[in-house]
>>> print(open('structure_27.csv').read())   # CSV, C-alpha atoms
chain,number,residue,atom,x,y,z
A,21,MET,CA,1.9,-5.6,-34.8
A,22,SER,CA,5.3,-4.8,-33.3
A,23,THR,CA,5.9,-5.5,-29.6
A,24,PRO,CA,5.8,-2.3,-27.6
A,25,ALA,CA,8.8,-1.4,-25.5
A,26,PRO,CA,8.7,-2.6,-21.9
A,27,THR,CA,7.2,-0.2,-19.3
A,28,ARG,CA,7.8,0.3,-15.7
A,29,MET,CA,4.2,-0.8,-15.0
A,30,ALA,CA,4.9,-4.1,-16.7
A,31,ALA,CA,8.1,-4.6,-14.7
A,32,GLU,CA,6.3,-3.9,-11.5
A,33,ILE,CA,3.5,-6.3,-12.4
A,34,ALA,CA,6.3,-8.9,-12.9
A,35,GLU,CA,7.7,-8.2,-9.4
A,36,GLN,CA,4.5,-9.2,-7.7
A,37,PRO,CA,5.3,-12.9,-6.9
A,38,ALA,CA,8.5,-11.8,-5.0
A,39,ALA,CA,6.6,-8.9,-3.4
A,40,ALA,CA,3.9,-11.2,-2.2
A,41,ARG,CA,6.4,-13.7,-0.8
A,42,ARG,CA,8.3,-10.9,1.1
A,43,THR,CA,5.1,-9.5,2.5
A,44,LEU,CA,3.9,-12.8,3.8
A,45,HIS,CA,7.3,-13.5,5.4
A,46,HIS,CA,7.3,-10.1,7.0
A,47,LEU,CA,3.7,-10.0,8.2
A,48,LEU,CA,2.7,-13.5,9.2
A,49,PRO,CA,4.8,-13.2,12.5
A,50,GLU,CA,2.6,-10.2,13.4
A,51,ARG,CA,-0.5,-12.3,13.9
A,52,ASP,CA,-0.1,-12.7,17.7
A,53,ARG,CA,0.2,-8.9,18.1
A,54,LEU,CA,-2.9,-8.4,15.9
A,55,ARG,CA,-4.9,-10.8,18.1
A,56,GLU,CA,-3.7,-9.0,21.3
A,57,LEU,CA,-4.7,-5.6,19.8
A,58,PHE,CA,-8.2,-6.9,18.8
A,59,ALA,CA,-8.8,-8.5,22.2
A,60,GLY,CA,-11.9,-7.2,23.8
A,61,ARG,CA,-13.1,-5.6,20.6
A,62,ARG,CA,-15.7,-7.0,18.2
A,63,ARG,CA,-15.6,-5.2,14.9
A,64,VAL,CA,-13.2,-3.7,12.3
A,65,LEU,CA,-13.6,-0.4,10.4
A,66,LEU,CA,-11.5,0.0,7.2
A,67,VAL,CA,-10.3,3.5,6.1
A,68,ALA,CA,-9.1,4.0,2.5
A,69,ARG,CA,-9.4,5.8,-0.7
A,70,GLY,CA,-8.9,4.9,-4.4
A,71,SER,CA,-7.2,1.6,-5.1
A,72,SER,CA,-6.7,1.1,-1.4
A,73,ASP,CA,-10.5,1.3,-1.0
A,74,ASN,CA,-10.9,-1.6,-3.4
A,75,ALA,CA,-8.4,-3.7,-1.4
A,76,ALA,CA,-10.4,-2.8,1.7
A,77,ILE,CA,-13.6,-4.1,0.0
A,78,TYR,CA,-11.8,-7.5,-0.3
A,79,GLY,CA,-10.7,-7.2,3.3
A,80,ARG,CA,-14.2,-6.6,4.5
A,81,TYR,CA,-15.5,-9.8,2.7
A,82,LEU,CA,-12.6,-11.8,4.1
A,83,LEU,CA,-13.1,-10.6,7.7
A,84,GLU,CA,-16.8,-11.3,7.7
A,85,VAL,CA,-16.8,-14.6,5.8
A,86,ALA,CA,-13.5,-16.2,6.9
A,87,SER,CA,-13.0,-14.6,10.3
A,88,GLY,CA,-16.6,-14.0,11.5
A,89,VAL,CA,-15.8,-10.4,12.4
A,90,PRO,CA,-18.2,-7.6,11.5
A,91,ALA,CA,-16.5,-5.2,9.2
A,92,ALA,CA,-17.3,-2.0,7.4
A,93,LEU,CA,-15.8,0.7,5.2
A,94,ALA,CA,-15.5,4.1,6.8
A,95,ALA,CA,-16.5,7.4,5.2
A,96,PRO,CA,-13.4,9.6,6.0
A,97,SER,CA,-15.4,12.8,5.7
A,98,VAL,CA,-17.3,11.8,8.8
A,99,ALA,CA,-14.1,12.5,10.6
A,100,THR,CA,-12.4,15.1,8.5
A,101,HIS,CA,-15.3,17.4,7.6
A,102,TYR,CA,-18.3,16.6,9.9
A,103,ARG,CA,-16.1,16.1,13.0
A,104,ALA,CA,-18.6,13.5,14.3
A,105,ARG,CA,-17.9,11.8,17.6
A,106,LEU,CA,-18.5,8.1,17.6
A,107,ASP,CA,-18.0,5.4,20.3
A,108,LEU,CA,-15.3,3.2,18.8
A,109,ASP,CA,-14.2,1.5,22.0
A,110,ASP,CA,-15.1,-1.9,20.6
A,111,THR,CA,-13.5,-1.2,17.2
A,112,LEU,CA,-10.2,-2.0,15.4
A,113,VAL,CA,-9.6,0.7,12.8
A,114,VAL,CA,-7.5,-0.4,9.9
A,115,SER,CA,-6.2,2.4,7.6
A,116,VAL,CA,-4.9,1.5,4.2
A,117,SER,CA,-2.7,3.8,2.1
A,118,GLN,CA,0.2,2.7,-0.1
A,119,SER,CA,2.2,5.9,0.7
A,120,GLY,CA,1.0,6.2,4.3
A,121,SER,CA,1.1,10.0,3.6
A,122,THR,CA,-2.4,10.8,2.4
A,123,ALA,CA,-3.5,13.5,4.8
A,124,GLU,CA,-7.2,12.5,4.9
A,125,ILE,CA,-6.3,9.0,5.9
A,126,VAL,CA,-3.8,10.0,8.5
A,127,GLU,CA,-6.3,12.5,10.0
A,128,THR,CA,-9.1,9.9,10.0
A,129,GLN,CA,-6.8,7.4,11.9
A,130,GLU,CA,-6.0,10.1,14.5
A,131,TRP,CA,-9.8,10.8,14.9
A,132,ALA,CA,-10.5,7.1,15.3
A,133,ARG,CA,-7.9,6.8,18.1
A,134,SER,CA,-9.5,9.8,19.8
A,135,CYS,CA,-12.8,8.0,19.7
A,136,GLY,CA,-11.3,5.0,21.5
A,137,ALA,CA,-10.3,2.7,18.6
A,138,ALA,CA,-7.2,0.6,18.4
A,139,THR,CA,-5.4,1.3,15.1
A,140,VAL,CA,-3.6,-0.6,12.5
A,141,ALA,CA,-1.9,1.0,9.5
A,142,VAL,CA,-1.3,-0.9,6.2
A,143,SER,CA,1.2,1.0,4.0
A,144,ASN,CA,4.2,0.3,1.9
A,145,VAL,CA,6.4,2.9,3.6
A,146,ALA,CA,8.0,2.1,6.9
A,147,GLY,CA,8.0,5.2,9.1
A,148,SER,CA,5.3,6.9,7.1
A,149,PRO,CA,3.0,9.3,9.0
A,150,LEU,CA,0.2,6.7,9.0
A,151,ALA,CA,2.5,3.9,10.2
A,152,ALA,CA,4.2,6.0,12.8
A,153,ALA,CA,0.9,7.0,14.4
A,154,ALA,CA,-0.7,3.6,14.5
A,155,ASP,CA,-0.7,1.1,17.4
A,156,LEU,CA,0.6,-1.5,14.9
A,157,ALA,CA,2.0,-1.0,11.4
A,158,LEU,CA,1.7,-3.7,8.8
A,159,THR,CA,4.3,-2.5,6.3
A,160,THR,CA,4.0,-4.3,2.9
A,161,GLN,CA,7.2,-5.3,1.2
A,162,ALA,CA,6.4,-4.3,-2.4
A,163,GLY,CA,9.5,-2.2,-2.7
A,164,PRO,CA,9.5,1.3,-4.4
A,165,GLU,CA,6.7,1.6,-7.0
A,166,VAL,CA,7.7,4.1,-9.8
A,167,ALA,CA,4.7,3.7,-12.2
A,168,VAL,CA,1.8,5.8,-11.0
A,169,PRO,CA,-0.9,3.1,-11.3
A,170,ALA,CA,-0.7,0.9,-8.2
A,171,THR,CA,0.0,-2.7,-9.0
A,172,LYS,CA,2.4,-4.4,-6.6
A,173,THR,CA,1.4,-2.1,-3.8
A,174,TYR,CA,-2.3,-3.0,-4.3
A,175,LEU,CA,-1.6,-6.7,-4.4
A,176,THR,CA,0.5,-6.6,-1.2
A,177,GLN,CA,-2.2,-4.6,0.5
A,178,MET,CA,-4.6,-7.5,-0.1
A,179,VAL,CA,-2.0,-9.9,1.3
A,180,ALA,CA,-1.7,-7.7,4.4
A,181,LEU,CA,-5.5,-7.7,4.9
A,182,ALA,CA,-5.6,-11.4,4.4
A,183,VAL,CA,-2.9,-11.8,7.2
A,184,LEU,CA,-5.1,-9.7,9.4
A,185,ALA,CA,-8.2,-11.9,8.6
A,186,ASP,CA,-6.2,-15.0,9.4
A,187,ALA,CA,-5.1,-13.6,12.7
A,188,LEU,CA,-8.7,-13.0,13.7
A,189,ALA,CA,-10.1,-16.2,12.2
A,190,PRO,CA,-11.1,-19.1,14.4
A,191,ALA,CA,-8.5,-21.8,15.2
A,192,GLY,CA,-8.0,-24.2,12.3
A,193,SER,CA,-8.5,-21.7,9.6
A,194,ALA,CA,-6.9,-22.7,6.3
A,195,LEU,CA,-6.3,-19.1,5.2
A,196,ALA,CA,-2.6,-19.0,6.0
A,197,ALA,CA,-1.9,-22.2,4.0
A,198,ASP,CA,-3.9,-20.8,1.1
A,199,LEU,CA,-1.9,-17.6,1.3
A,200,GLU,CA,1.4,-19.5,1.0
A,201,ARG,CA,0.2,-20.7,-2.4
A,202,LEU,CA,-0.2,-17.2,-3.8
A,203,PRO,CA,3.4,-16.3,-4.9
A,204,ASP,CA,3.7,-19.3,-7.2
A,205,ALA,CA,0.2,-18.9,-8.4
A,206,VAL,CA,0.8,-15.3,-9.4
A,207,ALA,CA,4.2,-16.2,-11.1
A,208,GLY,CA,2.3,-18.7,-13.3
A,209,LEU,CA,0.1,-15.9,-14.6
A,210,LEU,CA,2.9,-13.7,-16.0
A,211,ALA,CA,3.4,-15.6,-19.2
A,212,GLN,CA,-0.3,-15.4,-20.2
A,213,ASP,CA,-1.1,-13.8,-23.5
A,214,VAL,CA,-3.3,-10.8,-22.8
A,215,GLU,CA,-3.1,-9.2,-26.2
A,216,PRO,CA,-6.5,-10.6,-27.4
A,217,ALA,CA,-8.2,-9.0,-24.3
A,218,ALA,CA,-6.4,-5.7,-24.9
A,219,ALA,CA,-7.4,-5.8,-28.6
A,220,ALA,CA,-11.0,-6.4,-27.7
A,221,LEU,CA,-11.0,-3.5,-25.3
A,222,ALA,CA,-9.3,-1.2,-27.8
A,223,GLY,CA,-12.1,-1.8,-30.3
A,224,VAL,CA,-15.0,-0.5,-28.2
A,225,ASP,CA,-15.8,2.8,-26.5
A,226,ARG,CA,-18.3,1.5,-23.9
A,227,VAL,CA,-17.0,-0.8,-21.1
A,228,ILE,CA,-18.6,-2.0,-17.9
A,229,VAL,CA,-16.9,-4.2,-15.3
A,230,SER,CA,-18.8,-6.4,-12.8
A,231,GLY,CA,-18.1,-8.9,-10.1
A,232,ARG,CA,-19.6,-10.0,-6.8
A,233,GLY,CA,-18.6,-11.2,-3.4
A,234,PHE,CA,-14.9,-11.7,-2.8
A,235,LEU,CA,-14.3,-10.6,-6.4
A,236,LEU,CA,-16.1,-7.3,-6.2
A,237,GLY,CA,-13.0,-5.4,-5.2
A,238,THR,CA,-11.1,-6.9,-8.1
A,239,ALA,CA,-13.9,-5.8,-10.5
A,240,LEU,CA,-13.9,-2.2,-9.1
A,241,GLU,CA,-10.1,-2.0,-9.2
A,242,THR,CA,-10.1,-3.2,-12.8
A,243,ALA,CA,-12.5,-0.5,-13.7
A,244,LEU,CA,-10.6,2.2,-11.8
A,245,LYS,CA,-7.2,1.1,-13.3
A,246,MET,CA,-8.7,1.1,-16.8
A,247,GLU,CA,-10.0,4.6,-16.3
A,248,GLU,CA,-6.9,6.2,-14.8
A,249,THR,CA,-4.4,4.3,-17.1
A,250,CYS,CA,-6.3,4.3,-20.4
A,251,LEU,CA,-8.3,7.6,-19.9
A,252,ARG,CA,-11.6,5.9,-20.8
A,253,PRO,CA,-14.8,6.2,-18.8
A,254,VAL,CA,-15.6,2.7,-17.4
A,255,ARG,CA,-18.4,1.8,-15.0
A,256,GLY,CA,-17.7,-0.7,-12.3
A,257,TYR,CA,-20.7,-2.5,-10.8
A,258,SER,CA,-21.4,-5.3,-8.4
A,259,TYR,CA,-23.3,-8.1,-10.0
A,260,ALA,CA,-26.4,-7.2,-7.9
A,261,ASP,CA,-26.3,-3.5,-8.8
A,262,LEU,CA,-25.9,-4.3,-12.5
A,263,ARG,CA,-29.0,-6.6,-12.4
A,264,HIS,CA,-31.0,-3.9,-10.6
A,265,GLY,CA,-31.4,-1.5,-13.6
A,266,PRO,CA,-28.2,-0.7,-15.4
A,267,ILE,CA,-28.3,-4.0,-17.4
A,268,SER,CA,-31.2,-2.4,-19.4
A,269,VAL,CA,-28.6,-0.2,-21.3
A,270,VAL,CA,-26.3,-3.2,-22.2
A,271,GLY,CA,-26.4,-4.0,-25.9
A,272,ASP,CA,-24.5,-3.8,-29.1
A,273,GLY,CA,-21.3,-1.9,-28.8
A,274,VAL,CA,-20.8,-2.7,-25.1
A,275,LEU,CA,-18.0,-4.8,-23.8
A,276,ALA,CA,-18.6,-6.3,-20.3
A,277,VAL,CA,-15.5,-7.4,-18.3
A,278,LEU,CA,-16.7,-10.0,-15.8
A,279,VAL,CA,-14.6,-11.1,-12.9
A,280,ALA,CA,-15.7,-14.5,-11.6
A,281,ALA,CA,-14.7,-17.1,-9.0
A,282,ALA,CA,-14.1,-20.7,-9.8
A,283,HIS,CA,-15.6,-21.8,-6.5
A,284,GLY,CA,-18.2,-20.6,-4.0
A,285,PRO,CA,-21.9,-19.7,-4.1
A,286,LEU,CA,-21.5,-16.9,-6.8
A,287,ALA,CA,-19.7,-19.0,-9.5
A,288,GLU,CA,-22.9,-20.2,-11.2
A,289,PRO,CA,-24.6,-16.7,-11.2
A,290,MET,CA,-21.7,-15.3,-13.1
A,291,VAL,CA,-22.2,-17.9,-15.8
A,292,GLU,CA,-25.8,-16.8,-16.1
A,293,LEU,CA,-24.8,-13.2,-16.2
A,294,ALA,CA,-22.3,-13.8,-19.1
A,295,ASP,CA,-25.0,-15.7,-21.1
A,296,ASP,CA,-27.5,-12.9,-20.4
A,297,LEU,CA,-25.1,-10.1,-21.5
A,298,ARG,CA,-24.2,-11.9,-24.7
A,299,ALA,CA,-27.8,-12.5,-25.5
A,300,ARG,CA,-28.3,-8.7,-25.2
A,301,GLY,CA,-25.6,-8.1,-27.8
A,302,ALA,CA,-22.6,-7.3,-25.6
A,303,GLN,CA,-19.2,-8.8,-25.9
A,304,VAL,CA,-18.0,-10.5,-22.8
A,305,LEU,CA,-14.4,-10.6,-21.6
A,306,GLY,CA,-14.0,-13.0,-18.6
A,307,LEU,CA,-11.4,-13.3,-15.9
A,308,GLY,CA,-11.3,-16.5,-14.0
A,309,GLY,CA,-14.4,-18.4,-13.2
A,310,THR,CA,-15.5,-22.0,-14.0
A,311,GLU,CA,-15.1,-23.8,-17.3
A,312,ALA,CA,-18.7,-23.1,-18.1
A,313,PHE,CA,-18.1,-19.4,-17.5
A,314,ALA,CA,-15.0,-19.5,-19.8
A,315,ARG,CA,-17.1,-21.1,-22.6
A,316,GLY,CA,-19.7,-18.3,-22.3
A,317,CYS,CA,-17.1,-15.5,-22.9
A,318,ASP,CA,-15.9,-14.1,-26.2
A,319,VAL,CA,-12.4,-13.6,-24.7
A,320,HIS,CA,-11.2,-15.3,-21.5
A,321,LEU,CA,-8.2,-14.9,-19.3
A,322,SER,CA,-7.5,-17.7,-16.8
A,323,VAL,CA,-6.7,-17.5,-13.1
A,324,PRO,CA,-5.1,-20.2,-11.0
A,325,ASP,CA,-7.5,-22.7,-9.3
A,326,LEU,CA,-7.4,-21.2,-5.8
A,327,PRO,CA,-9.9,-21.0,-2.9
A,328,GLU,CA,-12.4,-18.1,-3.3
A,329,THR,CA,-10.9,-16.5,-0.2
A,330,VAL,CA,-7.5,-15.8,-1.8
A,331,GLU,CA,-8.4,-15.9,-5.5
A,332,PRO,CA,-8.9,-12.1,-5.7
A,333,VAL,CA,-5.2,-11.6,-4.9
A,334,ALA,CA,-4.3,-13.5,-8.1
A,335,SER,CA,-7.2,-12.4,-10.3
A,336,ILE,CA,-6.1,-8.8,-10.4
A,337,VAL,CA,-2.9,-9.7,-12.2
A,338,PRO,CA,-4.2,-10.6,-15.7
A,339,ALA,CA,-6.4,-7.4,-15.4
A,340,GLN,CA,-3.3,-5.3,-14.7
A,341,MET,CA,-1.5,-7.0,-17.6
A,342,MET,CA,-4.3,-6.4,-20.2
A,343,ILE,CA,-4.7,-2.7,-19.0
A,344,GLU,CA,-0.9,-2.0,-19.5
A,345,ARG,CA,-1.2,-3.5,-23.0
A,346,LEU,CA,-4.4,-1.5,-23.7
A,347,ALA,CA,-2.7,1.7,-22.8
A,348,LEU,CA,0.1,1.1,-25.2
A,349,ARG,CA,-2.4,0.2,-28.0
A,350,LEU,CA,-4.0,3.5,-27.4
A,351,GLY,CA,-0.7,5.4,-27.6
A,352,LEU,CA,-0.6,6.3,-23.9
A,353,ASP,CA,2.1,6.1,-21.3
A,354,PRO,CA,0.8,3.7,-18.6
A,355,ASP,CA,3.6,4.7,-16.3
A,356,ASN,CA,2.5,8.3,-16.1
A,357,PRO,CA,-1.3,8.7,-16.7
A,358,ARG,CA,-2.4,12.2,-17.3
A,359,GLY,CA,-3.4,14.2,-14.2
A,360,LEU,CA,-2.4,11.6,-11.6
A,361,ASN,CA,0.1,11.7,-8.8
A,362,LYS,CA,1.5,8.9,-6.6
A,363,VAL,CA,0.2,10.5,-3.4
A,364,THR,CA,-3.4,11.7,-3.7
A,365,GLN,CA,-4.9,14.4,-1.5
A,366,THR,CA,-8.6,14.3,-1.6
A,367,ASP,CA,-9.2,18.0,-0.8
A,368,VAL,CA,-7.3,20.9,-2.2
A,369,THR,CA,-6.3,23.4,0.4
A,370,PRO,CA,-6.3,27.0,-0.9
A,371,THR,CA,-3.0,28.8,-0.7
A,372,ASP,CA,-2.3,32.5,-0.3
>>> encode(input="structure_27.csv", output="structure tokens")
Amino acid sequence: MSTPAPTRMAAEIAEQPAAARRTLHHLLPERDRLRELFAGRRRVLLVARGSSDNAAIYGRYLLEVASGVPAALAAPSVATHYRARLDLDDTLVVSVSQSGSTAEIVETQEWARSCGAATVAVSNVAGSPLAAAADLALTTQAGPEVAVPATKTYLTQMVALAVLADALAPAGSALAADLERLPDAVAGLLAQDVEPAAAALAGVDRVIVSGRGFLLGTALETALKMEETCLRPVRGYSYADLRHGPISVVGDGVLAVLVAAAHGPLAEPMVELADDLRARGAQVLGLGGTEAFARGCDVHLSVPDLPETVEPVASIVPAQMMIERLALRLGLDPDNPRGLNKVTQTDVTPTD
């Protein structure tokens, strides 16, 4: 099979080590300001949609597990449609949008401030409406992203949320040192051969994706990116949700993409899930995990041996790479998926 021509998406995936390094250099000095903004508050509310929502899921786990700060994902329609009034005096609201121009997210941030919240904006565009209106803007340093599927902007959003978590973590946290390892770890992934994974995906019509804990956001982002880039219906589940019912429909003809951690309390359960799904007749494509997990997969893509707290930032990279290859195998343009735009508006406003 001839090698497809390079795509903009592939080029932007390859830019991620440098983007991560720039973002860390730019944002780590903001930790003191983040601590000052959070002073006197006790919880974080994350506002996002689409890929940014999956980054926010990672941020929630990191804030609660590594920082000990209660965190939750907001439902923007509570602000934009129901116009509810909440007491957010004890809350830091973090709005995440790669463009910083999605009207729903900008409006929700304004609502949060009117309810008493302090506000932080995570975007890739300095001076965007979201950034300009926030108490503190964390501007990622991904550089312009031309391909419609978010790759380097998604990864740098996770880096920004990890910097926030480090700022709010107890003294002595190892998170900052672990973050410093990421650019080199991501660079080491770029030469990995993902064609066997793309070939396996191209040969099936029914795909599910699952992960749990810190890796849940990566699993959901993998499913979303496969849907929007490859125009295939894909279901993303947490490990727990898959176990509670949907696993009954898994069998021959299903390919399960499992995103696993190499360390932590959920590493072993993912080995058990891989074995269970294969016993039911499914193919299993694994990302990361332990050696036992890799042995239990039909196809496996490796991820650097990193602490579970930062592993999701690296684990999305092989997923992005295999999806770009899959799109080309299907005769699609991964740079310009059908029906998608770079700036998404959730609600369509009627015009005269």
>>> atom_distance(input="structure_27.csv", atom1="CA of Val142 (chain A)", atom2="CA of Arg41 (chain A)")
16.5 Å
>>> atom_distance(input="structure_27.csv", atom1="CA of Asp318 (chain A)", atom2="CA of Arg263 (chain A)")
20.5 Å
>>> closest_residue(input="structure_27.csv", among="A:Leu175, A:Leu321, A:Leu297, A:Val304", to="Glu215 (chain A)", atoms="all atoms listed in the file")
A:Leu321
>>> closest_residue(input="structure_27.csv", among="A:Thr128, A:Thr329, A:Ser119, A:Asn356", to="Leu251 (chain A)", atoms="all atoms listed in the file")
A:Asn356
>>> atom_distance(input="structure_27.csv", atom1="CA of Val89 (chain A)", atom2="CA of Thr238 (chain A)")
21.3 Å
>>> closest_residue(input="structure_27.csv", among="A:Gly60, A:Gly79, A:Pro149, A:Pro324", to="Arg201 (chain A)", atoms="only C-alpha atoms")
A:Pro324
>>> closest_residue(input="structure_27.csv", among="A:Asp213, A:Asp155, A:Glu35, A:Asp107", to="Arg53 (chain A)", atoms="all atoms listed in the file")
A:Asp155
>>> residues_near_point(input="structure_27.csv", point="(-15.3, 4.2, 4.2)", cutoff="9 Å", atoms="all atoms listed in the file", output="list in words")
Leu65, Leu66, Val67, Ala68, Arg69, Asp73, Ala76, Ala92, Leu93, Ala94, Ala95, Pro96 and Ser97 of chain A
>>> closest_residue(input="structure_27.csv", among="A:Ala185, A:Leu346, A:Ala123, A:Ala302", to="Ala219 (chain A)", atoms="only C-alpha atoms")
A:Leu346
>>> closest_residue(input="structure_27.csv", among="A:Arg62, A:Glu84, A:Gly147, A:Gly223", to="Val113 (chain A)", atoms="all atoms listed in the file")
A:Arg62
>>> residues_around(input="structure_27.csv", residues="Glu32 (chain A)", least_positions_apart="4", cutoff="12 Å", atoms="only C-alpha atoms", output="list in words")
Pro26, Thr27, Arg28, Gln36, Pro37, Ala38, Ala39, Ala162, Gly163, Pro164, Glu165, Val166, Ala167, Val168, Pro169, Ala170, Thr171, Lys172, Thr173, Tyr174, Leu175, Leu210, Val337, Gln340, Met341, Glu344, Pro354 and Asp355 of chain A
>>> residues_around(input="structure_27.csv", residues="Arg252 (chain A)", least_positions_apart="3", cutoff="12 Å", atoms="only C-alpha atoms", output="PyMOL selection string")
chain A and resi 221-222+224-228+243-249+255+343+346-347+350+352+357-358
>>> residues_around(input="structure_27.csv", residues="Tyr257 (chain A)", least_positions_apart="4", cutoff="8 Å", atoms="all atoms listed in the file", output="count of residues only")
8
>>> residues_around(input="structure_27.csv", residues="Gly136 (chain A)", least_positions_apart="6", cutoff="9 Å", atoms="all atoms listed in the file", output="number ranges by chain")
A: 106-111
>>> write_last_selection(input="structure_27.csv", atoms="C-alpha atoms", output="PDB file, in the frame of the given file")
ATOM      1  CA  LEU A 106     -18.500   8.100  17.600  1.00  0.00           C
ATOM      2  CA  ASP A 107     -18.000   5.400  20.300  1.00  0.00           C
ATOM      3  CA  LEU A 108     -15.300   3.200  18.800  1.00  0.00           C
ATOM      4  CA  ASP A 109     -14.200   1.500  22.000  1.00  0.00           C
ATOM      5  CA  ASP A 110     -15.100  -1.900  20.600  1.00  0.00           C
ATOM      6  CA  THR A 111     -13.500  -1.200  17.200  1.00  0.00           C
TER       7      THR A 111
END
>>> residues_around(input="structure_27.csv", residues="Ala280 (chain A)", least_positions_apart="4", cutoff="8 Å", atoms="all atoms listed in the file", output="list of chain:residue names")
A:Gly231, A:Arg232, A:Leu235, A:Leu286, A:Ala287, A:Met290, A:Gly306, A:Leu307, A:Gly308, A:Gly309, A:Thr310
>>> write_last_selection(input="structure_27.csv", atoms="C-alpha atoms", output="mmCIF file, keeping the file's coordinate frame")
data_model
loop_
_atom_site.group_PDB
_atom_site.id
_atom_site.type_symbol
_atom_site.label_atom_id
_atom_site.label_comp_id
_atom_site.auth_asym_id
_atom_site.auth_seq_id
_atom_site.Cartn_x
_atom_site.Cartn_y
_atom_site.Cartn_z
ATOM 1 C CA GLY A 231 -18.100 -8.900 -10.100
ATOM 2 C CA ARG A 232 -19.600 -10.000 -6.800
ATOM 3 C CA LEU A 235 -14.300 -10.600 -6.400
ATOM 4 C CA LEU A 286 -21.500 -16.900 -6.800
ATOM 5 C CA ALA A 287 -19.700 -19.000 -9.500
ATOM 6 C CA MET A 290 -21.700 -15.300 -13.100
ATOM 7 C CA GLY A 306 -14.000 -13.000 -18.600
ATOM 8 C CA LEU A 307 -11.400 -13.300 -15.900
ATOM 9 C CA GLY A 308 -11.300 -16.500 -14.000
ATOM 10 C CA GLY A 309 -14.400 -18.400 -13.200
ATOM 11 C CA THR A 310 -15.500 -22.000 -14.000
#
>>> build_atoms(input="structure_27.csv", residues="region 121-125 of chain A", atoms="all heavy atoms", output="compact mmCIF listing (two decimals), in the frame of the given file")
# COMPACT_ATOMS: atom_id res chain seq x y z
N SER A 121 0.90 8.55 3.46
CA SER A 121 1.10 10.00 3.60
C SER A 121 -0.17 10.78 3.14
O SER A 121 -0.11 12.02 3.13
CB SER A 121 2.27 10.46 2.77
OG SER A 121 3.47 9.89 3.27
N THR A 122 -1.23 10.11 2.76
CA THR A 122 -2.40 10.80 2.40
C THR A 122 -3.05 11.46 3.60
O THR A 122 -3.46 10.77 4.54
CB THR A 122 -3.44 9.87 1.70
OG1 THR A 122 -2.84 9.31 0.52
CG2 THR A 122 -4.73 10.58 1.32
N ALA A 123 -3.12 12.79 3.59
CA ALA A 123 -3.50 13.50 4.80
C ALA A 123 -4.84 13.13 5.34
O ALA A 123 -5.04 13.02 6.56
CB ALA A 123 -3.45 15.04 4.50
N GLU A 124 -5.82 12.90 4.45
CA GLU A 124 -7.20 12.50 4.90
C GLU A 124 -7.17 11.23 5.67
O GLU A 124 -7.88 11.09 6.67
CB GLU A 124 -8.08 12.44 3.67
CG GLU A 124 -9.51 12.08 4.03
CD GLU A 124 -10.37 11.84 2.80
OE1 GLU A 124 -9.85 11.29 1.81
OE2 GLU A 124 -11.56 12.18 2.86
N ILE A 125 -6.36 10.26 5.20
CA ILE A 125 -6.30 9.00 5.90
C ILE A 125 -5.60 9.07 7.21
O ILE A 125 -6.03 8.49 8.22
CB ILE A 125 -5.67 7.90 4.97
CG1 ILE A 125 -6.38 7.84 3.60
CG2 ILE A 125 -5.71 6.53 5.63
CD1 ILE A 125 -7.87 7.57 3.68
